[in-house]
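Enquirer: Got coords-v2.cif for you, mmCIF, C-alpha atoms and all ligand atoms:
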```
data_start
loop_
_atom_site.label_atom_id
_atom_site.label_comp_id
_atom_site.auth_asym_id
_atom_site.auth_seq_id
_atom_site.Cartn_x
_atom_site.Cartn_y
_atom_site.Cartn_z
CA MET J 8 -77.98 19.94 -171.40
CA LYS J 9 -81.39 18.83 -172.59
CA PHE J 10 -83.31 21.06 -175.01
CA PHE J 11 -87.09 21.19 -174.61
CA ILE J 12 -89.37 23.33 -176.76
CA ASP J 13 -91.97 25.39 -174.92
CA THR J 14 -94.97 25.33 -177.23
CA ALA J 15 -98.08 23.42 -178.20
CA ASN J 16 -97.57 24.28 -181.89
CA LEU J 17 -97.17 20.99 -183.76
CA ASP J 18 -95.32 22.52 -186.74
CA GLN J 19 -92.72 24.09 -184.46
CA ILE J 20 -92.38 20.87 -182.48
CA ARG J 21 -91.85 18.94 -185.75
CA GLU J 22 -89.26 21.48 -186.94
CA ALA J 23 -87.28 21.21 -183.69
CA GLN J 24 -87.55 17.41 -183.74
CA GLU J 25 -86.30 17.27 -187.34
CA LEU J 26 -83.27 19.36 -186.36
CA GLY J 27 -82.28 16.37 -184.24
CA VAL J 28 -81.53 18.19 -181.00
CA LEU J 29 -84.90 18.05 -179.27
CA ASP J 30 -85.21 16.21 -175.96
CA GLY J 31 -88.78 17.05 -175.01
CA VAL J 32 -91.69 19.49 -174.94
CA THR J 33 -93.25 21.65 -172.24
CA THR J 34 -96.75 23.05 -172.49
CA ASN J 35 -99.06 24.97 -170.22
CA PRO J 36 -102.71 26.08 -170.39
CA SER J 37 -101.71 29.42 -171.96
CA LEU J 38 -99.70 27.72 -174.71
CA MET J 39 -102.62 25.36 -175.45
CA ALA J 40 -105.04 28.28 -175.64
CA LYS J 41 -102.65 30.14 -177.98
CA GLU J 42 -102.98 27.23 -180.46
CA GLY J 43 -106.78 27.25 -180.09
CA ILE J 44 -106.78 23.87 -178.30
CA THR J 45 -109.73 23.98 -175.91
CA GLY J 46 -111.96 21.42 -174.22
CA ARG J 47 -110.67 18.51 -172.14
CA ASN J 48 -110.83 15.87 -174.88
CA ASN J 49 -109.08 18.04 -177.47
CA ILE J 50 -106.37 18.92 -174.96
CA LEU J 51 -105.76 15.26 -174.06
CA LYS J 52 -105.65 14.30 -177.76
CA HIS J 53 -103.17 17.12 -178.40
CA TYR J 54 -100.81 15.75 -175.73
CA VAL J 55 -100.84 12.37 -177.47
CA ASP J 56 -100.19 14.05 -180.84
CA ILE J 57 -97.16 15.80 -179.33
CA CYS J 58 -95.88 12.53 -177.83
CA ASN J 59 -96.13 10.93 -181.26
CA ILE J 60 -93.85 13.60 -182.76
CA VAL J 61 -91.07 13.74 -180.15
CA ASP J 62 -88.96 11.03 -178.57
CA GLY J 63 -88.61 12.65 -175.13
CA ASP J 64 -90.59 13.89 -172.15
CA VAL J 65 -93.78 15.92 -172.67
CA SER J 66 -95.00 18.02 -169.74
CA ALA J 67 -98.79 18.12 -169.38
CA GLU J 68 -100.12 20.55 -166.78
CA VAL J 69 -102.91 19.88 -164.31
CA ILE J 70 -105.63 22.50 -163.91
CA ALA J 71 -106.75 21.29 -160.47
CA THR J 72 -105.43 23.04 -157.37
CA GLU J 73 -106.79 20.74 -154.63
CA PHE J 74 -104.81 17.59 -153.68
CA ASN J 75 -107.36 14.87 -154.58
CA ALA J 76 -108.28 16.60 -157.81
CA ILE J 77 -104.60 17.08 -158.75
CA VAL J 78 -103.96 13.37 -158.14
CA LYS J 79 -107.00 12.33 -160.24
CA GLU J 80 -106.09 14.63 -163.10
CA GLY J 81 -102.37 13.80 -162.93
CA GLU J 82 -103.02 10.06 -163.02
CA GLU J 83 -105.28 10.53 -166.04
CA LEU J 84 -102.55 12.53 -167.81
CA ALA J 85 -99.85 9.98 -166.93
CA GLU J 86 -102.04 7.21 -168.37
CA LEU J 87 -102.17 8.94 -171.75
CA HIS J 88 -98.62 8.04 -172.82
CA ASP J 89 -95.40 6.89 -171.17
CA GLN J 90 -93.66 10.10 -172.28
CA ILE J 91 -96.01 12.28 -170.22
CA VAL J 92 -94.59 14.14 -167.23
CA VAL J 93 -97.28 15.60 -164.95
CA LYS J 94 -96.80 19.34 -164.46
CA VAL J 95 -97.91 20.53 -161.04
CA PRO J 96 -97.94 24.12 -159.71
CA MET J 97 -95.83 25.12 -156.69
CA ILE J 98 -98.68 25.41 -154.20
CA LYS J 99 -99.25 23.55 -150.92
CA ASP J 100 -101.49 20.84 -152.40
CA GLY J 101 -99.12 20.69 -155.37
CA VAL J 102 -96.19 19.80 -153.10
CA LYS J 103 -98.28 17.06 -151.48
CA ALA J 104 -99.19 15.77 -154.93
CA LEU J 105 -95.53 15.82 -156.05
CA LYS J 106 -94.70 13.52 -153.14
CA TYR J 107 -97.68 11.27 -153.93
CA PHE J 108 -96.71 10.99 -157.61
CA SER J 109 -93.05 10.43 -156.74
CA ASP J 110 -93.98 7.54 -154.41
CA LYS J 111 -96.08 6.04 -157.21
CA GLY J 112 -93.30 6.36 -159.81
CA ILE J 113 -95.17 9.04 -161.81
CA ARG J 114 -92.75 11.65 -163.16
CA THR J 115 -93.45 15.31 -162.42
CA ASN J 116 -92.45 18.84 -163.37
CA CYS J 117 -93.00 21.42 -160.63
CA THR J 118 -93.96 24.66 -162.36
CA LEU J 119 -94.28 28.35 -161.44
CA VAL J 120 -91.11 28.31 -159.33
CA PHE J 121 -89.64 31.71 -158.53
CA SER J 122 -87.43 31.15 -155.46
CA ALA J 123 -84.71 28.85 -154.15
CA GLY J 124 -86.96 27.88 -151.24
CA GLN J 125 -89.67 26.69 -153.61
CA ALA J 126 -87.08 24.70 -155.57
CA LEU J 127 -85.82 23.10 -152.35
CA LEU J 128 -89.38 22.04 -151.46
CA ALA J 129 -89.94 20.59 -154.94
CA ALA J 130 -86.77 18.51 -154.63
CA LYS J 131 -87.71 17.33 -151.13
CA ALA J 132 -91.09 16.23 -152.52
CA GLY J 133 -89.33 14.18 -155.21
CA ALA J 134 -90.12 16.23 -158.33
CA THR J 135 -88.43 14.91 -161.47
CA TYR J 136 -88.03 18.44 -162.84
CA VAL J 137 -88.27 21.87 -161.26
CA SER J 138 -89.16 24.81 -163.52
CA PRO J 139 -87.84 28.22 -162.42
CA PHE J 140 -89.26 30.91 -164.75
CA ILE J 141 -86.24 33.05 -165.45
CA GLY J 142 -87.75 35.37 -168.07
CA ARG J 143 -90.62 36.39 -165.80
CA LEU J 144 -88.12 37.22 -163.03
CA ASP J 145 -86.07 39.30 -165.46
CA ASP J 146 -89.32 41.07 -166.41
CA ILE J 147 -89.61 42.39 -162.85
CA SER J 148 -85.97 43.47 -162.52
CA THR J 149 -84.92 40.34 -160.62
CA ASP J 150 -81.99 38.21 -161.77
CA GLY J 151 -83.54 35.02 -163.14
CA LEU J 152 -80.18 33.46 -163.96
CA ASN J 153 -79.01 33.94 -160.39
CA LEU J 154 -81.94 31.79 -159.27
CA ILE J 155 -80.74 28.96 -161.54
CA ALA J 156 -77.25 29.25 -160.01
CA GLU J 157 -78.67 29.23 -156.46
CA ILE J 158 -80.75 26.12 -157.14
CA ARG J 159 -77.76 24.38 -158.77
CA HIS J 160 -75.69 25.12 -155.66
CA ILE J 161 -78.36 23.83 -153.27
CA TYR J 162 -79.12 20.69 -155.27
CA ASP J 163 -75.41 19.86 -155.59
CA ASN J 164 -74.89 20.31 -151.82
CA TYR J 165 -77.29 17.45 -151.16
CA ALA J 166 -77.10 15.49 -154.43
CA PHE J 167 -80.81 16.04 -155.11
CA GLU J 168 -81.74 14.26 -158.33
CA THR J 169 -84.43 16.77 -159.36
CA GLN J 170 -83.44 18.24 -162.72
CA ILE J 171 -83.32 22.01 -163.08
CA LEU J 172 -85.48 22.91 -166.07
CA ALA J 173 -84.83 26.57 -166.86
CA ALA J 174 -88.18 27.85 -168.14
CA SER J 175 -89.52 31.12 -169.48
CA ILE J 176 -86.40 31.29 -171.66
CA ARG J 177 -86.77 34.25 -173.98
CA HIS J 178 -83.63 34.26 -176.14
CA THR J 179 -80.36 32.55 -176.98
CA MET J 180 -78.32 34.31 -174.27
CA HIS J 181 -80.65 32.83 -171.66
CA VAL J 182 -79.82 29.39 -173.11
CA ILE J 183 -76.06 29.99 -173.07
CA ASP J 184 -76.07 31.54 -169.58
CA CYS J 185 -78.17 28.65 -168.22
CA ALA J 186 -75.70 26.18 -169.75
CA LYS J 187 -72.83 28.04 -168.05
CA VAL J 188 -74.40 27.78 -164.60
CA GLY J 189 -75.38 24.14 -165.07
CA ALA J 190 -79.13 24.00 -165.73
CA ASP J 191 -79.97 20.41 -166.67
CA VAL J 192 -82.62 21.42 -169.19
CA MET J 193 -83.79 24.57 -170.93
CA THR J 194 -87.21 25.14 -172.42
CA GLY J 195 -87.86 27.97 -174.83
CA GLY J 196 -89.48 28.90 -178.11
CA LEU J 197 -88.17 27.55 -181.41
CA SER J 198 -86.18 30.74 -182.01
CA SER J 199 -84.21 30.25 -178.79
CA ILE J 200 -82.94 26.98 -180.31
CA THR J 201 -82.52 27.94 -183.97
CA GLY J 202 -81.03 31.29 -182.96
CA LEU J 203 -78.01 29.40 -181.63
CA LEU J 204 -77.15 28.55 -185.25
CA LYS J 205 -76.57 32.09 -186.33
CA HIS J 206 -73.24 33.82 -186.83
CA PRO J 207 -72.44 36.24 -189.66
CA LEU J 208 -68.88 34.88 -189.95
CA THR J 209 -70.34 31.42 -190.62
CA ASP J 210 -72.45 32.84 -193.47
CA ILE J 211 -69.55 34.87 -194.90
CA GLY J 212 -67.16 31.91 -194.56
CA LEU J 213 -69.55 29.50 -196.27
CA GLU J 214 -70.21 31.93 -199.12
CA LYS J 215 -66.43 32.22 -199.69
CA PHE J 216 -65.85 28.45 -199.53
CA LEU J 217 -68.59 27.85 -202.11
CA ALA J 218 -67.35 30.65 -204.38
CA ASP J 219 -63.77 29.31 -204.24
CA TYR J 220 -65.00 25.78 -204.98
CA LYS J 221 -66.82 27.07 -208.07
CA LYS J 222 -63.64 28.79 -209.32
CA GLY J 223 -61.81 25.45 -209.40
CA ASN J 224 -64.67 23.48 -211.01
O1 LIG N 1 -92.25 27.17 -169.51
C1 LIG N 1 -92.77 28.32 -168.91
C2 LIG N 1 -93.16 29.29 -169.93
O2 LIG N 1 -94.19 28.80 -170.74
C3 LIG N 1 -93.45 30.64 -169.46
O3 LIG N 1 -92.90 31.44 -170.44
O4 LIG N 1 -92.57 33.44 -171.74
O5 LIG N 1 -94.80 33.00 -170.64
O6 LIG N 1 -92.82 33.63 -169.28
P1 LIG N 1 -93.31 32.96 -170.53
#
```
Can you give me the file's structure in the form of structure tokens?
Ligand code: G3P

Expert:
Amino acid sequence: MKFFIDTANLDQIREAQELGVLDGVTTNPSLMAKEGITGRNNILKHYVDICNIVDGDVSAEVIATEFNAIVKEGEELAELHDQIVVKVPMIKDGVKALKYFSDKGIRTNCTLVFSAGQALLAAKAGATYVSPFIGRLDDISTDGLNLIAEIRHIYDNYAFETQILAASIRHTMHVIDCAKVGADVMTGGLSSITGLLKHPLTDIGLEKFLADYKKGN
């Protein structure tokens, strides 16, 4: 399972990278705005800064919603760095653009996916990644994890190569449950990764080991 961090915060990206388990970064316009990154040039520069910190894929989202504009913007993003994956929304022109990018060898992440049908379309269009937002489904009393399982089942039936990128991960149990049902990738905040470290028995056990070592030395 690949671990992506879902943020545009460079300190958090560095911390996850230094932990040694980071496989990539996802961003979106809201995450950029949260870090105060505004204006086209600053946003493009920020993507390059992120690519220079991590070794893996970095999703950069298009703002355009019309086919020709999505293609223009996506090609500009893909040119920025070879780690860039163009993030395209699940809309009609987005599906057309996914197919266009796929034919041109430009890697994509289809975002804002909330149903198995949308995930099937993204795979048919040749998306590299599909991003079902499980937290936002849970927010409206719908089982987000079940969607991941449904997509896994469908993709396995036909050996689709599109990777399931479980997004809108809110906590460590989302990560573990997504791993159980076979998501290829998870993207969440730093705490959803570092939270996996924690167990009180580990802390108690380590304290005892260190105390016992001191007794003998
Ligand atoms: O990767 C998608 C993510 O950014 C959405 O997360 O927490 O806003 O639902 P959230």

Enquirer: Which of these residues is nearest to ligand LIG 1 (chain N), using all atoms listed in the file: J:Ile60, J:Val65, J:Leu204, J:Met8?

Expert: J:Val65

Enquirer: For each of J:Phe216, J:Phe140, J:Phe121, J:Tyr54, take the minimum atom-to-atom distance to ligand LIG 1 (chain N), counting only C-alpha atoms and all ligand atoms, then give the residue where this is smallest.

Expert: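 Smallest distance to ligand LIG 1 (chain N) is found for J:Phe140.
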
Enquirer: Residues within 8 Å of ligand LIG 1 (chain N) should be enumerated using only C-alpha atoms and all ligand atoms and returned as a list of chain:residue names.

Expert: J:Asp13, J:Thr14, J:Thr33, J:Thr34, J:Asn35, J:Ser37, J:Leu38, J:Thr118, J:Leu119, J:Ser138, J:Phe140, J:Ile141, J:Gly142, J:Arg143, J:Ala173, J:Ala174, J:Ser175, J:Ile176, J:Arg177, J:Thr194, J:Gly195

Enquirer: Env of region 95-105 of chain J: 9 Å cut, atoms = all atoms listed in the file, seq-sep filter 5 positions within chain, self excluded. Answer as a short mmCIF file (atom, residue, chain, number, x, y, z; two decimals) with C-alpha atoms, in the frame of the given file.

Expert:
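Heads up, here's the output in out.cif:
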```
data_model
loop_
_atom_site.label_atom_id
_atom_site.label_comp_id
_atom_site.auth_asym_id
_atom_site.auth_seq_id
_atom_site.Cartn_x
_atom_site.Cartn_y
_atom_site.Cartn_z
CA ALA J 67 -98.79 18.12 -169.38
CA GLU J 68 -100.12 20.55 -166.78
CA VAL J 69 -102.91 19.88 -164.31
CA ILE J 70 -105.63 22.50 -163.91
CA ALA J 71 -106.75 21.29 -160.47
CA THR J 72 -105.43 23.04 -157.37
CA GLU J 73 -106.79 20.74 -154.63
CA PHE J 74 -104.81 17.59 -153.68
CA ASN J 75 -107.36 14.87 -154.58
CA ILE J 77 -104.60 17.08 -158.75
CA VAL J 78 -103.96 13.37 -158.14
CA GLY J 81 -102.37 13.80 -162.93
CA ASP J 110 -93.98 7.54 -154.41
CA ILE J 113 -95.17 9.04 -161.81
CA ARG J 114 -92.75 11.65 -163.16
CA THR J 115 -93.45 15.31 -162.42
CA ASN J 116 -92.45 18.84 -163.37
CA CYS J 117 -93.00 21.42 -160.63
CA THR J 118 -93.96 24.66 -162.36
CA LEU J 119 -94.28 28.35 -161.44
CA VAL J 120 -91.11 28.31 -159.33
CA GLN J 125 -89.67 26.69 -153.61
CA ALA J 126 -87.08 24.70 -155.57
CA LEU J 128 -89.38 22.04 -151.46
CA ALA J 129 -89.94 20.59 -154.94
CA ALA J 132 -91.09 16.23 -152.52
CA GLY J 133 -89.33 14.18 -155.21
CA ALA J 134 -90.12 16.23 -158.33
CA THR J 135 -88.43 14.91 -161.47
#
```

Enquirer: Determine the nearest neighbour of Leu152 (chain J) from the options J:Ala130, J:Ala123, J:Ile171, J:Cys185, counting only C-alpha atoms.

Expert: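 The closest residue to Leu152 (chain J) is J:Cys185.
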
Enquirer: For Asp89 (chain J), please output as a ChimeraX atom specification all residues within 9 Å (counting all atoms listed in the file; exclusion window: fewer than 3 positions along the same chain).

Expert: /J:58,64,85-86,92

Enquirer: Find, counting all atoms listed in the file, the residue in J:Asp56, J:Asp150, J:Asp163, J:Asp210 that gets nearest to Asp191 (chain J).

Expert: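 Using all atoms listed in the file, Asp191 (chain J) sits closest to J:Asp163.
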
Enquirer: Could you tell me which of J:Glu168, J:Asp219, J:Glu83, J:Glu22 comes closest to Ser198 (chain J) if we count all atoms listed in the file?

Expert: J:Glu22

Enquirer: Between CA of Gly31 (chain J) and CA of Thr149 (chain J), what is the spacing in Å?

Expert: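 CA of Gly31 (chain J) lies at a distance of 27.6 Å from CA of Thr149 (chain J).
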
Enquirer: For Ile91 (chain J), which residue out of J:Leu51, J:Ala156, J:Ala40, J:Ile211 is the nearest one, using all atoms listed in the file?

Expert: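 Counting all atoms listed in the file, the residue closest to Ile91 (chain J) is J:Leu51.
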
Enquirer: What is the CA of Glu42 (chain J)-CA of His88 (chain J) distance in Å, reported with one decimal?

Expert: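 Distance between the two atoms: 21.1 Å.
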
Enquirer: Just to confirm, what's the straight-line distance from CA of Asp30 (chain J) to CA of Glu82 (chain J) in Å (one decimal)?

Expert: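 Value for the CA of Asp30 (chain J)-CA of Glu82 (chain J) distance: 22.9 Å.
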